[in-house]
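Q: Handing you this structure, nothing more for now.
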Amino acid sequence: MRTPATGRGRLLLVLALAATVTAFTATVPLLRDWFDLRVYYGTVHTWLHHGGRIYDYQVPGTTYGFTYPPFAAVSMAPMAYVGLGTAIVAALVLNLAALALVLRILAGPGWRRYGWFGWALVACGLALFEPLRDTFSFGQVNLLLLALVLGDGWLLSTGRGRWAGAGIGLAAAVKLTPALFIGLLLLARRWKAAAVATAVALGATGLAALVVPDASRFYWTRALWDTTRVGRLDYVSNQSLQGVLARLGETGRPLWATVVLLVLCLWAVRARRAVVAGDWTAAFALTGLTACLVSPITWVHHLVWLLPSFAVLIRAGHARIAGALYAVMCTSVVWLWFHDASGIDGFLGSNTYAWITLGLLLWLPIGQARGSRAPLDRNATTTAPAPSTPAATIAAVSAQPGPSSATTPAATGLAAGPGLGLARNASSDPTGSTCPAAANPQSSSSRASSYTVKPPPA
């Protein structure tokens, strides 16, 4: 399939694709009504205007409250002084800016050569990616954290490492999962960057302890260790190793800890090889994959950390594999087992995203592909050629002859994949913690509630 040769034809194609994607996202996937942002907003509003305690707040009519470290609440405090609508707009703008930065870093120095047409097709493909859809619809912070972490990777790989580590430290102070990237800095023997990251994380945590000492004491001594505050481990949205085991009815910590230790050992070996090869993109991608696997709870929207992996696959010449995996993660396929994850099909299907994450950790290419250098390589002077991808819209761009073939967005590491339009009955409940656990965790027919209750008005 060839793309239109004229600017007008390309504009019409982009408009048609955008209309199709808009219709899909407005009618098929569940929209989350900025639920998580409402949790953040209600928490800081109640804390600053009504003297409430951060970890006591719950969205009216639900059991959901604030689960992040205290510094996250402190950093979100400005939301208490604006209306909810303003907070939603600000979250959308920040997430769009963070996504643009992530794409810029993953595309490498030659990002301009893809042109408006290539980037427009990438935007259409990204709108179908379930973790991104949920991140925007929930009002989540995952993209902001990913941008902070990849920003440090860019600083390190381009020799601008004076302040490298600050982004990782801030991300780790907001959510604990990015702290694994400090381990990557230690594996890479970037002692200064590791020290900066640790100092920033501890400094931010200490600042929060000064501002909200009681909340800090409660979080680090009690809330951190209570996973029931976040949601049910066996809920289908939990695509971590703990979630896989919980859906099998295995909730014992010794087994989970053993599996986590094995995965961490595998990560350490592979990440070290990537660092030695100068492949910072792969090193950061492997660390993001591992963080998703070892975290006790990894909701589907947390899987935006897989985006660097698609960049690595396409750069290494595996665009078809990247396109196929990306397409699967656009389908919301795991929700087919929302009510019943029993049996072989339930074990395989309900954990589809976890299998993709584990497979990428095991087989993600490391090193320079086809004589090109990684986009984050310190000594990069050229940009890897952009291979084609099988996803329908992007493949059309790569098939365009002549100079226009350079507009393919493949080097961004993103391949568009069509959603299957599954009409599922899964709830907009982000964690399912309000569902009573079934006697057999593999076969819960209890349906999570859908929440539209708004937090206290500003």
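The chains in the structure tokens are called A, B, ... from first to last as shown; in each chain the residues are counted from 1, and the ligands are counted from 1 in the order shown.
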If you run DSSP on the backbone, which residues of range 32-272 of chain A are alpha helix (DSSP H), as a ChimeraX atom specification?
A: /A:35-50,70-75,84-107,115-126,130-138,142-157,166-174,180-187,191-211,213-221,241-247,253-272
Q: Considering only C-alpha atoms, state which residue in the set A:Ala18, A:Leu358, A:Ala209, A:Gly243 is at the smallest distance from Leu121 in chain A.
A: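 Closest residue, counting only C-alpha atoms: A:Ala18.
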Q: Tell me, counting only C-alpha atoms, for each residue of range 292-312 of chain A within 9 Å of range 129-150 of chain A, which pair of atoms is nearest and how far apart they are in Å to one decimal, in rows ordered by chain and increasing number, as CSV.
A:
residue,atom,partner,partner_atom,distance
A:Trp299,CA,A:Pro131,CA,8.8
A:Val300,CA,A:Pro131,CA,5.6
A:His301,CA,A:Pro131,CA,4.0
A:His302,CA,A:Asn142,CA,6.3
A:Leu303,CA,A:Pro131,CA,5.6
A:Val304,CA,A:Pro131,CA,5.5
A:Trp305,CA,A:Leu146,CA,6.7
Q: Go through A:Trp163, A:Trp119, A:Gly65, A:Trp220 and flag the residue nearest Arg104 in chain A, using only C-alpha atoms for the distances.
A: A:Trp119
Q: Tell me, counting only C-alpha atoms, for each residue of range 71-180 of chain A within 7 Å of range 199-205 of chain A, which pair of atoms is nearest and how far apart they are in Å to one decimal, in rows ordered by chain and increasing number, as a Markdown table.
A:
| residue | atom | partner | partner_atom | distance |
| --- | --- | --- | --- | --- |
| A:Phe71 | CA | A:Thr205 | CA | 5.8 |
| A:Ala166 | CA | A:Val200 | CA | 6.0 |
| A:Gly169 | CA | A:Ala201 | CA | 4.3 |
| A:Leu170 | CA | A:Ala201 | CA | 5.7 |
| A:Ala172 | CA | A:Ala201 | CA | 6.1 |
| A:Ala173 | CA | A:Ala201 | CA | 5.0 |
Q: Convert the current residue selection to file output with C-alpha atoms, as a compact mmCIF listing (two decimals), in the first residue's frame.
A:
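And here is the file that came out, selection_37.txt:
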# COMPACT_ATOMS: atom_id res chain seq x y z
CA PHE A 71 6.17 13.70 48.58
CA ALA A 166 17.93 14.13 39.50
CA GLY A 169 15.41 10.68 42.15
CA LEU A 170 12.30 12.81 41.75
CA ALA A 172 11.39 7.57 42.88
CA ALA A 173 10.15 10.08 45.48
Q: If I take CA of Ile321 in chain A and CA of Leu241 in chain A, how far is one from the other in Å, to one decimal?
A: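 A separation of 22.9 Å between them.
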Q: Can you tell me, as a PyMOL selection string, what residues are no more than 9 Å from Ala277 in chain A when counting only C-alpha atoms, ignoring any on the same chain fewer than 4 positions away?
A: chain A and resi 272-273+366-368
Q: So that I have them on file, write out the residues from the current selection with N, CA, C and O atoms, as a tab-separated table (two decimals), in the first residue's frame.
A:
chain	number	residue	atom	x	y	z
A	272	ARG	N	23.49	-5.04	32.48
A	272	ARG	CA	24.93	-4.80	32.49
A	272	ARG	C	25.51	-4.98	31.09
A	272	ARG	O	26.37	-4.20	30.65
A	273	ARG	N	25.04	-6.00	30.37
A	273	ARG	CA	25.51	-6.20	29.00
A	273	ARG	C	25.14	-5.02	28.12
A	273	ARG	O	25.93	-4.59	27.27
A	366	ILE	N	20.09	-6.46	22.39
A	366	ILE	CA	21.04	-5.59	23.08
A	366	ILE	C	22.18	-5.28	22.14
A	366	ILE	O	22.69	-6.14	21.44
A	367	GLY	N	22.63	-4.03	22.12
A	367	GLY	CA	23.76	-3.66	21.29
A	367	GLY	C	23.30	-2.94	20.04
A	367	GLY	O	22.13	-2.66	19.84
A	368	GLN	N	24.24	-2.65	19.17
A	368	GLN	CA	23.95	-1.86	17.99
A	368	GLN	C	23.44	-2.76	16.88
A	368	GLN	O	24.02	-3.81	16.60
Q: Between CA of Gly118 in chain A and CA of Leu361 in chain A, what is the distance, to one decimal in Å?
A: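 About the pair CA of Gly118 in chain A and CA of Leu361 in chain A: they are 28.4 Å apart.
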Q: Using only C-alpha atoms, which residues sit within 12 Å of Ser309 in chain A once same-chain residues fewer than 2 positions away are excluded, as a PyMOL selection string?
A: chain A and resi 106+280-290+303-307+311-316+318-319+321-323+325-326+356-366+411-415
Q: Please dump the current selection as a short mmCIF file (atom, residue, chain, number, x, y, z; two decimals), in the first residue's frame; keep N, CA and C atoms.
A:
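Below is the file that was written, again11.cif:
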data_model
loop_
_atom_site.label_atom_id
_atom_site.label_comp_id
_atom_site.auth_asym_id
_atom_site.auth_seq_id
_atom_site.Cartn_x
_atom_site.Cartn_y
_atom_site.Cartn_z
N LEU A 106 13.34 8.91 22.29
CA LEU A 106 13.40 7.59 21.67
C LEU A 106 13.66 7.66 20.18
N TRP A 280 22.19 2.47 25.89
CA TRP A 280 21.43 3.01 27.00
C TRP A 280 19.93 2.84 26.80
N THR A 281 19.48 2.89 25.55
CA THR A 281 18.05 2.70 25.31
C THR A 281 17.62 1.33 25.80
N ALA A 282 18.39 0.29 25.44
CA ALA A 282 18.05 -1.06 25.87
C ALA A 282 18.17 -1.20 27.39
N ALA A 283 19.19 -0.58 27.98
CA ALA A 283 19.37 -0.68 29.42
C ALA A 283 18.18 -0.08 30.17
N PHE A 284 17.73 1.09 29.72
CA PHE A 284 16.57 1.71 30.37
C PHE A 284 15.30 0.94 30.08
N ALA A 285 15.19 0.39 28.87
CA ALA A 285 14.01 -0.40 28.52
C ALA A 285 13.93 -1.65 29.40
N LEU A 286 15.04 -2.35 29.57
CA LEU A 286 15.06 -3.55 30.40
C LEU A 286 14.71 -3.24 31.85
N THR A 287 15.15 -2.10 32.33
CA THR A 287 14.85 -1.72 33.71
C THR A 287 13.37 -1.40 33.88
N GLY A 288 12.78 -0.73 32.88
CA GLY A 288 11.34 -0.47 32.94
C GLY A 288 10.52 -1.74 32.93
N LEU A 289 10.93 -2.69 32.09
CA LEU A 289 10.24 -3.99 32.04
C LEU A 289 10.32 -4.69 33.39
N THR A 290 11.50 -4.70 33.98
CA THR A 290 11.70 -5.38 35.25
C THR A 290 10.89 -4.73 36.37
N LEU A 303 1.98 0.19 32.21
CA LEU A 303 2.78 -0.43 31.16
C LEU A 303 3.24 0.54 30.07
N VAL A 304 3.06 1.84 30.30
CA VAL A 304 3.71 2.81 29.41
C VAL A 304 5.23 2.66 29.48
N TRP A 305 5.72 2.00 30.53
CA TRP A 305 7.16 1.75 30.65
C TRP A 305 7.66 0.78 29.58
N LEU A 306 6.74 0.17 28.81
CA LEU A 306 7.16 -0.71 27.72
C LEU A 306 7.50 0.05 26.45
N LEU A 307 7.17 1.33 26.36
CA LEU A 307 7.40 2.08 25.13
C LEU A 307 8.87 2.04 24.67
N ALA A 311 10.92 0.81 20.84
CA ALA A 311 11.96 1.56 20.15
C ALA A 311 13.17 0.67 19.88
N VAL A 312 13.54 -0.13 20.88
CA VAL A 312 14.68 -1.02 20.73
C VAL A 312 14.42 -2.08 19.66
N LEU A 313 13.24 -2.66 19.67
CA LEU A 313 12.90 -3.69 18.68
C LEU A 313 12.98 -3.16 17.26
N ILE A 314 12.40 -1.99 17.03
CA ILE A 314 12.38 -1.45 15.67
C ILE A 314 13.78 -1.03 15.25
N ARG A 315 14.52 -0.43 16.14
CA ARG A 315 15.89 -0.05 15.82
C ARG A 315 16.74 -1.26 15.44
N ALA A 316 16.44 -2.42 16.07
CA ALA A 316 17.21 -3.63 15.80
C ALA A 316 16.69 -4.39 14.58
N HIS A 318 13.47 -5.42 14.05
CA HIS A 318 12.38 -6.35 14.35
C HIS A 318 11.05 -5.61 14.37
N ALA A 319 10.79 -4.84 13.32
CA ALA A 319 9.59 -4.01 13.28
C ALA A 319 8.32 -4.85 13.28
N ILE A 321 7.81 -7.79 14.70
CA ILE A 321 7.56 -8.27 16.06
C ILE A 321 7.03 -7.13 16.91
N ALA A 322 7.65 -5.95 16.79
CA ALA A 322 7.18 -4.79 17.54
C ALA A 322 5.74 -4.47 17.19
N GLY A 323 5.42 -4.50 15.89
CA GLY A 323 4.05 -4.20 15.47
C GLY A 323 3.05 -5.20 16.00
N LEU A 325 3.31 -7.16 18.75
CA LEU A 325 3.16 -7.00 20.20
C LEU A 325 2.39 -5.73 20.54
N TYR A 326 2.71 -4.66 19.81
CA TYR A 326 2.02 -3.39 20.04
C TYR A 326 0.53 -3.54 19.74
N ILE A 356 4.04 -10.67 27.65
CA ILE A 356 4.77 -9.78 26.73
C ILE A 356 5.92 -9.10 27.45
N THR A 357 5.66 -8.62 28.65
CA THR A 357 6.70 -7.95 29.43
C THR A 357 7.85 -8.90 29.75
N LEU A 358 7.52 -10.11 30.18
CA LEU A 358 8.55 -11.09 30.49
C LEU A 358 9.32 -11.51 29.24
N GLY A 359 8.61 -11.70 28.14
CA GLY A 359 9.28 -12.07 26.90
C GLY A 359 10.25 -11.00 26.43
N LEU A 360 9.87 -9.74 26.56
CA LEU A 360 10.76 -8.65 26.18
C LEU A 360 11.99 -8.61 27.08
N LEU A 361 11.81 -8.88 28.36
CA LEU A 361 12.96 -8.91 29.27
C LEU A 361 13.94 -10.00 28.87
N LEU A 362 13.41 -11.14 28.41
CA LEU A 362 14.27 -12.27 28.06
C LEU A 362 14.98 -12.07 26.72
N TRP A 363 14.26 -11.49 25.72
CA TRP A 363 14.78 -11.51 24.35
C TRP A 363 14.98 -10.15 23.71
N LEU A 364 14.82 -9.06 24.45
CA LEU A 364 15.03 -7.75 23.85
C LEU A 364 16.46 -7.64 23.32
N PRO A 365 16.64 -7.25 22.05
CA PRO A 365 17.99 -7.14 21.47
C PRO A 365 18.83 -6.13 22.24
N ILE A 366 20.09 -6.46 22.39
CA ILE A 366 21.04 -5.59 23.08
C ILE A 366 22.18 -5.28 22.14
N ALA A 411 11.27 4.64 13.71
CA ALA A 411 12.38 4.76 14.63
C ALA A 411 11.98 5.32 15.97
N THR A 412 10.76 5.79 16.07
CA THR A 412 10.30 6.20 17.40
C THR A 412 10.08 5.02 18.29
N GLY A 413 10.07 3.82 17.71
CA GLY A 413 9.85 2.64 18.52
C GLY A 413 8.39 2.35 18.73
N LEU A 414 7.50 2.97 17.93
CA LEU A 414 6.08 2.77 18.14
C LEU A 414 5.44 2.25 16.88
N ALA A 415 4.67 1.20 16.99
CA ALA A 415 3.95 0.67 15.84
C ALA A 415 2.48 0.69 16.13
#
Q: What is the CA of Leu186 in chain A to CA of Val102 in chain A distance in Å?
A: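 Straight-line distance from CA of Leu186 in chain A to CA of Val102 in chain A works out to 23.2 Å.
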Q: I'd like the neighbourhood of Asp152 in chain A as an MDAnalysis selection string, where a residue qualifies if any of its atoms comes within 6 Å (using only C-alpha atoms), though same-chain residues fewer than 3 positions away should be ignored.
A: chainID A and resid 149 155 164:165 167
Q: Nearest to Ala268 in chain A: which of A:Tyr41, A:Trp116, A:Tyr64, A:Phe181 is it, counting only C-alpha atoms?
A: A:Phe181
